[in-house]
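Report on the structure given below.
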Amino acid sequence: MTTTRSAESSRQLDLDAMSLEQLNQLKQSEESRLAVLTNHYATLRASSSRFSTAQKALEEMTLAQGKGNKDIMIPLTESLYVPGKIKDPSKVMVELGTGYFVEKPVKQAHDFLERKAKLVNVNSENLMEVVTVTRKNIESLNVAMNGKMLEIRARQEGMRVREKDQQQQ
């Protein structure tokens with residue numbers, strides 16, 4: 001008995017009892033689910049990268065302020081910058097999400113970014129486990145579908161042989 005187990009539910013499906021059409025529908029559903037999960041994973045990895053970049057920028061700013069350098073280049077776009085000066089290098093604006101910002105001391109901002117990065121990384125790891133299970137489900141469905149197709153071909157060949165035998169008699 002071939003079974004597949006979804007990471008989000010504990011139900012098991014008997015793939016051998018399903019028709020080829022049902023298997024195909026289930027496979028398409030799992031492939032769609034895999035695409036959504038993969039996109040979500042990519043979004044989480046991009047978020048992790050942004051948090052890492054923000055942490056590095058914060059560290060560089062802290063090092064530069066220790067040297068007395070308050071001059072910075074402020075990005076207006078990805079390729080357009082204007083010169084600026086840091087008014088108070090002990091505080092920064094941190095985006096909490098969806099356009100909400102809060103002013104925090106550098107240490108608190110660093111801690112915040114570290115917590116967010118850890119949370120994103122844990123979520124990424126959990127999501128990767130679900131992606132792995134979904135891929136295994138798709139593989140199981142492919143095996144079951146191939147088995148069904150072989151079974152159908154064997155039945156058709158058996159019928160052809162019987163018809164041939166009946167015609168010869």
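The chains in the structure tokens are called A, B, ... from first to last as shown; in each chain the residues are counted from 1, and the ligands are counted from 1 in the order shown.
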
When you look at range 148-152 of chain A with a cut-off of 8 Å (counting only C-alpha atoms), what residues show up, excluding the ones that are within fewer than 6 positions of it in the same chain? I need them as an MDAnalysis selection string. chainID A and resid 16 19:20

So which residues touch Gln55 in chain A within 9 Å, counting only C-alpha atoms, skipping near sequence neighbours fewer than 5 positions away, as a CSV table (one decimal) with all heavy atoms, in the first residue's frame?
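result32.csv, written as the output of this step:
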chain,number,residue,atom,x,y,z
A,50,ARG,N,17.8,41.0,3.9
A,50,ARG,CA,17.6,42.4,4.2
A,50,ARG,C,17.9,42.6,5.7
A,50,ARG,O,18.6,43.6,6.0
A,50,ARG,CB,16.1,42.8,4.0
A,50,ARG,CG,15.8,43.0,2.5
A,50,ARG,CD,14.5,43.8,2.3
A,50,ARG,NE,13.4,43.1,3.0
A,50,ARG,CZ,12.6,42.2,2.5
A,50,ARG,NH1,12.9,41.7,1.3
A,50,ARG,NH2,11.6,41.7,3.2
A,60,GLU,N,28.5,49.1,10.6
A,60,GLU,CA,29.4,50.0,9.9
A,60,GLU,C,29.2,51.5,10.4
A,60,GLU,O,30.1,52.2,10.5
A,60,GLU,CB,29.2,49.9,8.4
A,60,GLU,CG,29.8,48.7,7.8
A,60,GLU,CD,29.5,48.6,6.3
A,60,GLU,OE1,29.1,49.6,5.6
A,60,GLU,OE2,29.6,47.4,5.7
A,109,ALA,N,18.1,48.5,18.4
A,109,ALA,CA,17.9,48.3,16.9
A,109,ALA,C,18.6,47.0,16.5
A,109,ALA,O,18.1,46.2,15.8
A,109,ALA,CB,18.3,49.5,16.1
A,110,HIS,N,19.9,46.9,17.0
A,110,HIS,CA,20.6,45.7,16.6
A,110,HIS,C,20.0,44.4,17.2
A,110,HIS,O,19.9,43.4,16.5
A,110,HIS,CB,22.1,45.8,17.2
A,110,HIS,CG,23.0,44.7,16.8
A,110,HIS,ND1,23.1,43.5,17.5
A,110,HIS,CD2,23.8,44.5,15.7
A,110,HIS,CE1,23.9,42.7,16.9
A,110,HIS,NE2,24.3,43.3,15.8
A,113,LEU,N,16.8,43.6,15.1
A,113,LEU,CA,17.2,43.0,13.9
A,113,LEU,C,17.7,41.5,14.1
A,113,LEU,O,17.3,40.7,13.3
A,113,LEU,CB,18.3,43.8,13.2
A,113,LEU,CG,17.8,45.2,12.7
A,113,LEU,CD1,19.0,46.0,12.2
A,113,LEU,CD2,16.8,45.0,11.6
A,114,GLU,N,18.4,41.3,15.1
A,114,GLU,CA,18.9,39.9,15.4
A,114,GLU,C,17.7,39.0,15.7
A,114,GLU,O,17.6,37.9,15.2
A,114,GLU,CB,19.8,40.0,16.6
A,114,GLU,CG,20.7,38.7,16.7
A,114,GLU,CD,21.8,38.9,17.7
A,114,GLU,OE1,22.6,39.8,17.5
A,114,GLU,OE2,21.7,38.1,18.7

For Val94 in chain A, the nearest of the candidates A:Gln108, A:Gln156, A:Gln167, A:Ser48, counting only C-alpha atoms: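 Looking only at the distances to Val94 in chain A, the closest residue turns out to be A:Gln108.
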
Got a sec to tell me which of range 42-139 of chain A DSSP assigns to alpha helix (DSSP H), as a PyMOL selection string? chain A and resi 42-66+106-139

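CA of Leu15 in chain A is positioned 10.3 Å from CA of Gly147 in chain A.
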
Just to confirm, what's the straight-line distance from CA of Met93 in chain A to CA of Lys107 in chain A in Å (one decimal)?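 CA of Lys107 in chain A lies at a distance of 12.2 Å from CA of Met93 in chain A.
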
Counting only C-alpha atoms, figure out which residue out of A:Lys164, A:Asn142, A:Thr134, A:Ile72 gets nearest to Ser32 in chain A.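 Among A:Lys164, A:Asn142, A:Thr134, A:Ile72, it is A:Thr134 that comes nearest to Ser32 in chain A.
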
Contacts of Ser49 in chain A at 12 Å or less, counting only C-alpha atoms, minus same-chain residues fewer than 3 places along, as a PyMOL selection string? chain A and resi 42-46+52-56+113-114+116-118+120-121

Write a file of the selected residues as a tab-separated table (two decimals), in the first residue's frame, keeping all heavy atoms.
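Once written, selection-v5.tsv looks like this:
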chain	number	residue	atom	x	y	z
A	42	ALA	N	11.29	31.70	-0.73
A	42	ALA	CA	12.13	32.72	-1.37
A	42	ALA	C	11.92	34.08	-0.71
A	42	ALA	O	12.88	34.84	-0.49
A	42	ALA	CB	11.84	32.79	-2.86
A	43	THR	N	10.67	34.39	-0.36
A	43	THR	CA	10.36	35.65	0.32
A	43	THR	C	11.03	35.70	1.68
A	43	THR	O	11.60	36.73	2.07
A	43	THR	CB	8.83	35.81	0.47
A	43	THR	OG1	8.23	35.79	-0.82
A	43	THR	CG2	8.48	37.11	1.16
A	44	LEU	N	10.98	34.59	2.41
A	44	LEU	CA	11.63	34.54	3.72
A	44	LEU	C	13.15	34.71	3.59
A	44	LEU	O	13.78	35.39	4.40
A	44	LEU	CB	11.31	33.23	4.44
A	44	LEU	CG	9.90	33.11	5.01
A	44	LEU	CD1	9.67	31.70	5.55
A	44	LEU	CD2	9.67	34.13	6.11
A	45	ARG	N	13.75	34.08	2.59
A	45	ARG	CA	15.20	34.20	2.40
A	45	ARG	C	15.57	35.64	2.04
A	45	ARG	O	16.59	36.16	2.48
A	45	ARG	CB	15.70	33.24	1.32
A	45	ARG	CG	15.56	31.76	1.63
A	45	ARG	CD	15.96	31.28	3.01
A	45	ARG	NE	17.22	31.78	3.51
A	45	ARG	CZ	17.49	31.99	4.80
A	45	ARG	NH1	16.62	31.72	5.72
A	45	ARG	NH2	18.65	32.45	5.18
A	46	ALA	N	14.73	36.30	1.24
A	46	ALA	CA	14.98	37.71	0.90
A	46	ALA	C	14.88	38.58	2.15
A	46	ALA	O	15.70	39.50	2.34
A	46	ALA	CB	13.99	38.18	-0.17
A	52	SER	N	20.08	40.93	7.46
A	52	SER	CA	21.53	40.80	7.53
A	52	SER	C	22.21	42.07	7.03
A	52	SER	O	23.16	42.58	7.64
A	52	SER	CB	21.98	39.59	6.72
A	52	SER	OG	23.37	39.46	6.73
A	53	THR	N	21.71	42.60	5.91
A	53	THR	CA	22.25	43.84	5.35
A	53	THR	C	22.06	45.00	6.32
A	53	THR	O	22.96	45.82	6.51
A	53	THR	CB	21.59	44.15	4.00
A	53	THR	OG1	21.82	43.06	3.11
A	53	THR	CG2	22.11	45.42	3.40
A	54	ALA	N	20.89	45.06	6.95
A	54	ALA	CA	20.62	46.13	7.92
A	54	ALA	C	21.56	46.02	9.13
A	54	ALA	O	22.06	47.04	9.62
A	54	ALA	CB	19.16	46.07	8.37
A	55	GLN	N	21.81	44.80	9.59
A	55	GLN	CA	22.72	44.61	10.72
A	55	GLN	C	24.13	45.08	10.35
A	55	GLN	O	24.79	45.75	11.15
A	55	GLN	CB	22.76	43.14	11.14
A	55	GLN	CG	21.54	42.71	11.93
A	55	GLN	CD	21.59	41.22	12.27
A	55	GLN	OE1	21.85	40.39	11.40
A	55	GLN	NE2	21.31	40.90	13.52
A	56	LYS	N	24.59	44.73	9.15
A	56	LYS	CA	25.92	45.14	8.71
A	56	LYS	C	26.01	46.66	8.60
A	56	LYS	O	27.01	47.27	8.99
A	56	LYS	CB	26.27	44.48	7.38
A	56	LYS	CG	26.57	43.01	7.49
A	56	LYS	CD	26.82	42.39	6.14
A	56	LYS	CE	26.94	40.87	6.27
A	56	LYS	NZ	27.00	40.22	4.96
A	113	LEU	N	16.84	43.59	15.15
A	113	LEU	CA	17.19	42.97	13.87
A	113	LEU	C	17.65	41.53	14.05
A	113	LEU	O	17.32	40.65	13.26
A	113	LEU	CB	18.27	43.78	13.16
A	113	LEU	CG	17.83	45.16	12.65
A	113	LEU	CD1	19.04	45.96	12.18
A	113	LEU	CD2	16.81	45.03	11.55
A	114	GLU	N	18.39	41.28	15.11
A	114	GLU	CA	18.87	39.92	15.39
A	114	GLU	C	17.68	38.99	15.69
A	114	GLU	O	17.63	37.87	15.19
A	114	GLU	CB	19.83	39.95	16.58
A	114	GLU	CG	20.68	38.72	16.70
A	114	GLU	CD	21.78	38.89	17.73
A	114	GLU	OE1	22.63	39.77	17.54
A	114	GLU	OE2	21.75	38.14	18.71
A	116	LYS	N	14.53	39.37	14.73
A	116	LYS	CA	13.76	39.19	13.50
A	116	LYS	C	14.47	38.21	12.56
A	116	LYS	O	13.83	37.36	11.95
A	116	LYS	CB	13.54	40.54	12.79
A	116	LYS	CG	12.63	41.49	13.54
A	116	LYS	CD	11.22	41.01	13.59
A	116	LYS	CE	10.47	41.52	12.42
A	116	LYS	NZ	9.05	41.21	12.42
A	117	ALA	N	15.79	38.33	12.45
A	117	ALA	CA	16.55	37.44	11.57
A	117	ALA	C	16.44	36.00	12.07
A	117	ALA	O	16.26	35.07	11.27
A	117	ALA	CB	18.01	37.87	11.50
A	118	LYS	N	16.53	35.79	13.38
A	118	LYS	CA	16.40	34.44	13.93
A	118	LYS	C	15.01	33.88	13.66
A	118	LYS	O	14.87	32.71	13.29
A	118	LYS	CB	16.68	34.44	15.44
A	118	LYS	CG	18.14	34.52	15.78
A	118	LYS	CD	18.35	34.49	17.28
A	118	LYS	CE	19.83	34.68	17.62
A	118	LYS	NZ	20.05	34.74	19.06
A	120	VAL	N	12.93	34.68	11.23
A	120	VAL	CA	12.81	34.37	9.81
A	120	VAL	C	13.56	33.09	9.48
A	120	VAL	O	13.08	32.25	8.71
A	120	VAL	CB	13.32	35.57	8.96
A	120	VAL	CG1	13.53	35.17	7.50
A	120	VAL	CG2	12.35	36.73	9.04
A	121	ASN	N	14.74	32.91	10.06
A	121	ASN	CA	15.52	31.70	9.78
A	121	ASN	C	14.82	30.45	10.30
A	121	ASN	O	14.82	29.41	9.64
A	121	ASN	CB	16.93	31.83	10.36
A	121	ASN	CG	17.78	32.81	9.58
A	121	ASN	OD1	17.54	33.06	8.41
A	121	ASN	ND2	18.76	33.39	10.23

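CA of Phe51 in chain A sits 15.6 Å away from CA of Gly99 in chain A.
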
Thr62 in chain A: which residues within 12 Å, counting only C-alpha atoms, same-chain residues fewer than 2 positions away excluded, as a list of chain:residue names?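 The residues satisfying every condition are A:Gln55, A:Lys56, A:Ala57, A:Leu58, A:Glu59, A:Glu60, A:Ala64, A:Gln65, A:Gly66, A:Lys67, A:Gly68, A:Asn69, A:Lys70, A:Ile86, A:Asp88, A:Pro89, A:Ser90, A:Lys91, A:Val92, A:Pro105, A:Val106, A:Lys107, A:Ala109, A:His110.
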
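DSSP annotation of chain A from backbone atoms: strand (DSSP E or B) residues are Thr3, Thr4, Arg5, Gln12, Leu13, Asp14, Asp71, Ile72, Met73, Ile74, Pro75, Tyr81, Val82, Pro83, Gly84, Lys85, Lys91, Val92, Met93, Val94, Glu95, Leu96, Gly97, Tyr100, Phe101, Val102, Glu103, Lys104 and Pro105 of chain A.
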
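Closest approach to Phe112 in chain A from the set A:Leu127, A:Ala35, A:Leu63, A:Leu96 is made by A:Leu96, with distances taken over only C-alpha atoms.
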